[in-house]
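Remarks on the structure that follows.
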Amino acid sequence: MLVILSPSKTMDCRTADLQLSPTLPEFSVESQQLVGYLKKMSVSDLMLLMSISEKLAIQNRERFGRFGTAEAAQLKSGTAIHTFQGEVYNGLDAFSMSSDDLQYAQQHLRILSGLYGSLRPLDVMQEYRLEIATRLKTKKHSNLYQYWSPLVTHSINRDIHGSGSDYLVNLASDEYFKCLNIKSINAKIIGTSFFEMKNGKRTFVSFSVKKARGLMAAFIIKNRITHPSGMQHFISDGYLWDAETSTESNFVFVKS
């Protein structure tokens with residue numbers, strides 16, 4: 001199976017102290033092209049484009065200015081699976097993974113990205129701010145969905161085949177999942193839904209769902225799950241598979 005995750009806004013470039021060789025992002029050239037457009041923007045332009053504060057705009061203008069340079073690579077670069085922070089990655093807990101786990105993840109996990117398109121866990125990256133829904137215009141595209149969809153869809157199809165399976169497990173947010181041209185995905189897509197019971201009713205709690213997605217990704221990696229049926233045994237953080245409301249294409253998990 002191949003698993004997809006969303007990135008996070010919070011990053012801290014780090015790499016685990018393991019004897020593993022980092023890899024280069026597949027779409028480094030395309031990322032650099034996007035940075036070329038972003039470097040030309042003023043702080044005010046970035047504030048408007050990304051709906052961010054002046055402080056964040058200044059920070060990211062500096063990041064884009066250094067992007068791809070030797071200075072940036074030395075000062076602020078790390079492997080993707082260790083760099084992204086936030087609830088999804090708290091659940092994933094990459095620093096608890098062994099070298100074998102990370103090598104398995106390298107073949108079976110992809111992180112979608114507004115700047116990098118698709119990242120493997122051991123791909124070296126730099127800190128950035130560029131969400132996939134950003135309406136950044138290029139010569140041929142009016143937004144990042146148009147820019148990345150053909151490239152990432154083709155890449156994910158190839159990686160699904162390389163995983164030795166014909167299943168794609170979607171643990172990404174709707175915002176990032178939209179990057180894929182679903183009609184062109186040559187695999188059965190398995191979605192997931194996570195709920196909590198509150199006052200006798202199932203409730204969607206965004207904070208908890210993000211962590212649960214990371215926990216599920218870690219479960220798949222550490223247990224070498226090769227078929228969706230294996231996901232039914234996921235019990236992390238009190239979640240249990242709900243057979244009654246699950247379907248063949250969407251697995252439901254409920255925490256009491």
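Please note that chains go A, B, ... in the order of the structure tokens, that every chain numbers its residues from 1, and that ligands are numbered from 1 in the order shown.
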
Exercise: Phe27 (chain A) partners within 10 Å, only C-alpha atoms, chain neighbours under 4 positions left out, as an NGL selection string
:A and (31-33 or 115-119 or 148 or 151-152 or 155)

Prev. selection, N, CA and C atoms, output as a CSV table (one decimal), in the first residue's frame:
```csv
chain,number,residue,atom,x,y,z
A,31,SER,N,10.2,23.0,-7.8
A,31,SER,CA,10.2,23.8,-6.6
A,31,SER,C,10.9,25.1,-6.7
A,32,GLN,N,12.1,25.0,-7.3
A,32,GLN,CA,12.9,26.2,-7.6
A,32,GLN,C,12.2,27.2,-8.5
A,33,GLN,N,11.5,26.6,-9.5
A,33,GLN,CA,10.7,27.5,-10.4
A,33,GLN,C,9.7,28.3,-9.6
A,115,LEU,N,5.0,23.3,-2.0
A,115,LEU,CA,6.3,23.7,-2.6
A,115,LEU,C,7.0,22.6,-3.2
A,116,TYR,N,7.0,21.4,-2.6
A,116,TYR,CA,7.7,20.2,-3.1
A,116,TYR,C,6.9,19.2,-3.9
A,117,GLY,N,5.6,19.4,-4.0
A,117,GLY,CA,4.8,18.5,-4.7
A,117,GLY,C,4.5,17.2,-4.0
A,118,SER,N,5.5,16.3,-4.0
A,118,SER,CA,5.4,15.0,-3.2
A,118,SER,C,6.8,14.7,-2.6
A,119,LEU,N,6.8,14.5,-1.3
A,119,LEU,CA,8.1,14.2,-0.6
A,119,LEU,C,8.1,12.8,-0.1
A,148,TRP,N,0.6,21.4,-9.8
A,148,TRP,CA,1.1,20.2,-9.3
A,148,TRP,C,0.3,18.9,-9.7
A,151,LEU,N,1.8,16.4,-12.3
A,151,LEU,CA,3.1,15.9,-11.9
A,151,LEU,C,2.9,14.9,-10.7
A,152,VAL,N,2.2,15.4,-9.7
A,152,VAL,CA,2.0,14.5,-8.5
A,152,VAL,C,1.2,13.3,-8.8
A,155,SER,N,3.4,10.8,-10.4
A,155,SER,CA,4.4,10.3,-9.4
A,155,SER,C,3.7,9.3,-8.4
```

Env of Lys222 (chain A): 12 Å cut, atoms = only C-alpha atoms, seq-sep filter 6 positions within chain, self excluded. Answer as a compact mmCIF listing (two decimals) with N, CA and C atoms, in the first residue's frame.
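What landed in selection21.txt:
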```txt
# COMPACT_ATOMS: atom_id res chain seq x y z
N LEU A 92 2.58 10.47 14.23
CA LEU A 92 3.51 9.65 13.44
C LEU A 92 4.76 9.31 14.24
N ASP A 93 5.26 10.26 15.01
CA ASP A 93 6.40 10.06 15.92
C ASP A 93 7.58 9.39 15.20
N ALA A 94 8.09 10.06 14.19
CA ALA A 94 9.16 9.50 13.36
C ALA A 94 10.43 9.20 14.15
N SER A 96 10.74 7.82 16.87
CA SER A 96 10.68 6.51 17.54
C SER A 96 10.86 5.37 16.55
N MET A 97 10.97 5.69 15.27
CA MET A 97 11.08 4.66 14.24
C MET A 97 12.52 4.18 14.09
N SER A 98 12.66 2.90 13.82
CA SER A 98 13.97 2.32 13.57
C SER A 98 14.40 2.61 12.14
N SER A 99 15.65 2.29 11.83
CA SER A 99 16.12 2.45 10.46
C SER A 99 15.28 1.63 9.49
N ASP A 100 14.91 0.41 9.91
CA ASP A 100 14.09 -0.45 9.05
C ASP A 100 12.72 0.16 8.83
N ASP A 101 12.16 0.78 9.89
CA ASP A 101 10.85 1.45 9.75
C ASP A 101 10.94 2.57 8.72
N LEU A 102 11.99 3.36 8.83
CA LEU A 102 12.14 4.51 7.94
C LEU A 102 12.39 4.08 6.50
N GLN A 103 13.13 3.00 6.33
CA GLN A 103 13.34 2.48 4.98
C GLN A 103 12.02 1.97 4.40
N TYR A 104 11.19 1.35 5.22
CA TYR A 104 9.88 0.90 4.77
C TYR A 104 9.01 2.11 4.42
N ALA A 105 9.05 3.12 5.28
CA ALA A 105 8.27 4.34 5.03
C ALA A 105 8.70 5.00 3.72
N HIS A 108 6.66 3.45 1.16
CA HIS A 108 5.21 3.33 1.35
C HIS A 108 4.52 4.59 1.87
N LEU A 109 5.24 5.69 2.02
CA LEU A 109 4.64 6.92 2.54
C LEU A 109 5.07 8.11 1.68
N LEU A 215 -1.07 8.61 13.70
CA LEU A 215 -1.01 7.33 14.40
C LEU A 215 -1.28 6.17 13.45
N MET A 216 -2.24 6.36 12.54
CA MET A 216 -2.55 5.30 11.58
C MET A 216 -1.38 5.08 10.62
N MET A 231 -5.66 -2.70 8.53
CA MET A 231 -5.93 -1.45 9.21
C MET A 231 -7.05 -1.61 10.24
N PHE A 234 -6.23 -1.49 14.01
CA PHE A 234 -5.73 -0.25 14.61
C PHE A 234 -6.50 0.06 15.89
```

Nearest to Pro25 (chain A) by atom-to-atom distance, counting only C-alpha atoms, from A:Gln232, A:Gln106, A:Ser246, A:Thr10
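Answer, going by the shortest atom-to-atom distance: A:Gln106.
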
Picked from region 15-220 of chain A by DSSP as strand (DSSP E or B), as a PyMOL selection string:
chain A and resi 23+78-79+84+109-113+117-119+123-125+167-170+188-198+201-203

How would the residues just chosen look if you wrote them out with C-alpha atoms as an mmCIF file, in the first residue's frame?
```cif
data_model
loop_
_atom_site.group_PDB
_atom_site.id
_atom_site.type_symbol
_atom_site.label_atom_id
_atom_site.label_comp_id
_atom_site.auth_asym_id
_atom_site.auth_seq_id
_atom_site.Cartn_x
_atom_site.Cartn_y
_atom_site.Cartn_z
ATOM 1 C CA THR A 23 17.467 11.592 -0.658
ATOM 2 C CA GLY A 78 16.365 18.171 7.372
ATOM 3 C CA THR A 79 14.577 15.024 6.317
ATOM 4 C CA PHE A 84 7.244 18.539 9.808
ATOM 5 C CA LEU A 109 4.644 6.921 2.537
ATOM 6 C CA ARG A 110 4.382 10.200 0.641
ATOM 7 C CA ILE A 111 3.886 13.705 2.027
ATOM 8 C CA LEU A 112 2.078 16.100 -0.316
ATOM 9 C CA SER A 113 3.388 19.651 -0.391
ATOM 10 C CA GLY A 117 4.774 18.453 -4.735
ATOM 11 C CA SER A 118 5.424 15.034 -3.218
ATOM 12 C CA LEU A 119 8.067 14.180 -0.639
ATOM 13 C CA ASP A 123 13.961 13.658 1.219
ATOM 14 C CA VAL A 124 15.983 16.658 2.373
ATOM 15 C CA MET A 125 13.899 19.814 2.583
ATOM 16 C CA TYR A 167 -4.136 0.455 -2.815
ATOM 17 C CA LEU A 168 -3.760 4.121 -1.918
ATOM 18 C CA VAL A 169 -4.547 4.983 1.706
ATOM 19 C CA ASN A 170 -5.653 8.591 2.005
ATOM 20 C CA LYS A 188 -8.328 1.544 -5.102
ATOM 21 C CA ILE A 189 -8.448 4.520 -2.737
ATOM 22 C CA ILE A 190 -9.127 3.800 0.925
ATOM 23 C CA GLY A 191 -10.373 6.751 2.956
ATOM 24 C CA THR A 192 -10.495 7.020 6.743
ATOM 25 C CA SER A 193 -12.870 8.696 9.196
ATOM 26 C CA PHE A 194 -12.088 9.242 12.876
ATOM 27 C CA PHE A 195 -14.722 10.199 15.444
ATOM 28 C CA GLU A 196 -15.026 10.666 19.196
ATOM 29 C CA MET A 197 -18.122 9.888 21.258
ATOM 30 C CA LYS A 198 -19.378 12.951 23.125
ATOM 31 C CA LYS A 201 -22.987 11.316 19.612
ATOM 32 C CA ARG A 202 -20.157 10.866 17.154
ATOM 33 C CA THR A 203 -18.150 14.055 16.889
#
```

Would you kindly return, as a ChimeraX atom specification, each protein, DNA or RNA residue with an atom no farther than 9 Å from any atom of Thr138 (chain A), considering only C-alpha atoms and excluding same-chain residues fewer than 3 positions away?
/A:34,37,141-144,147

Just the selected residues (N, CA and C atoms), exported as a tab-separated table (two decimals), in the first residue's frame, please.
```tsv
chain	number	residue	atom	x	y	z
A	34	LEU	N	8.99	27.66	-8.65
A	34	LEU	CA	8.01	28.36	-7.82
A	34	LEU	C	8.68	29.41	-6.95
A	37	TYR	N	9.26	32.73	-8.60
A	37	TYR	CA	8.13	33.66	-8.59
A	37	TYR	C	7.99	34.33	-7.22
A	141	HIS	N	-0.10	28.50	-15.25
A	141	HIS	CA	-1.07	28.03	-14.26
A	141	HIS	C	-1.56	29.18	-13.39
A	142	SER	N	-2.81	29.08	-12.96
A	142	SER	CA	-3.37	30.14	-12.12
A	142	SER	C	-3.35	29.79	-10.63
A	143	ASN	N	-2.99	28.56	-10.30
A	143	ASN	CA	-2.88	28.17	-8.89
A	143	ASN	C	-2.00	26.93	-8.78
A	144	LEU	N	-1.72	26.53	-7.55
A	144	LEU	CA	-0.82	25.40	-7.31
A	144	LEU	C	-1.46	24.05	-7.63
A	147	TYR	N	-0.68	23.55	-11.15
A	147	TYR	CA	0.76	23.36	-11.31
A	147	TYR	C	1.18	21.93	-10.95
```

Excluding Glu87 (chain A) and any residue of its chain fewer than 3 positions from it, enumerate the residues within 6 Å of it, using only C-alpha atoms, and give them as a ChimeraX atom specification.
/A:90,210-211

Next, dump the selected residues to file, keeping only C-alpha atoms, as a PDB file, in the first residue's frame.
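Output file selection_29.pdb is given in full below:
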```
ATOM      1  CA  ASN A  90       3.162  13.967  16.815  1.00  0.00           C
ATOM      2  CA  LYS A 210      -4.962  15.049  12.745  1.00  0.00           C
ATOM      3  CA  LYS A 211      -3.163  13.054  15.415  1.00  0.00           C
TER       4      LYS A 211
END
```

Considering only C-alpha atoms, can you say which of A:Ile132, A:Leu48, A:Ile221, A:Val43 comes closest to Leu2 (chain A)?
A:Ile221

Considering only C-alpha atoms, can you say which of A:Ser8, A:Ser77, A:Leu20, A:Arg129 comes closest to Arg61 (chain A)?
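Between A:Ser8, A:Ser77, A:Leu20, A:Arg129, the residue approaching Arg61 (chain A) most closely is A:Arg129.
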
Looking at A:Arg63, A:His161, A:Lys178, A:Arg120, which one is nearest to Gln146 (chain A), with distances taken over only C-alpha atoms?
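Result for the nearest residue to Gln146 (chain A): A:Lys178.
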
Can you work out the spacing between CA of Leu180 (chain A) and CA of Met47 (chain A) in Å, to one decimal?
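Separating CA of Leu180 (chain A) from CA of Met47 (chain A) is a distance of 27.1 Å.
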
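Remark: for Val29 (chain A), the closest of the candidate residues A:Cys179, A:Gly68, A:Asn250, A:His82 is A:Gly68 (distances computed over only C-alpha atoms).
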
DSSP on the backbone: what in region 12-251 of chain A comes out helix (DSSP H, G or I), as number ranges by chain?
A: 28-39, 43-50, 54-66, 70-75, 80-83, 87-92, 94-96, 99-108, 144-162, 174-177, 182-184, 206-222, 228-233, 236-238

In terms of the shortest atom-to-atom distance over only C-alpha atoms, which of A:Phe64, A:Tyr145, A:Phe204, A:Phe95 is closest to Thr15 (chain A)?
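Nearest to Thr15 (chain A): A:Phe95.
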
Would you kindly return, as a VMD selection string, each protein, DNA or RNA residue with an atom no farther than 7 Å from any atom of Asp242 (chain A), considering only C-alpha atoms and excluding same-chain residues fewer than 6 positions away?
chain A and resid 252 to 254

Print the selection's residues with C-alpha atoms to a file, as a PDB file, in the first residue's frame.
```
ATOM      1  CA  VAL A 252     -14.450   4.349  10.228  1.00  0.00           C
ATOM      2  CA  PHE A 253     -12.796   4.431  13.645  1.00  0.00           C
ATOM      3  CA  VAL A 254     -14.491   5.610  16.829  1.00  0.00           C
TER       4      VAL A 254
END
```
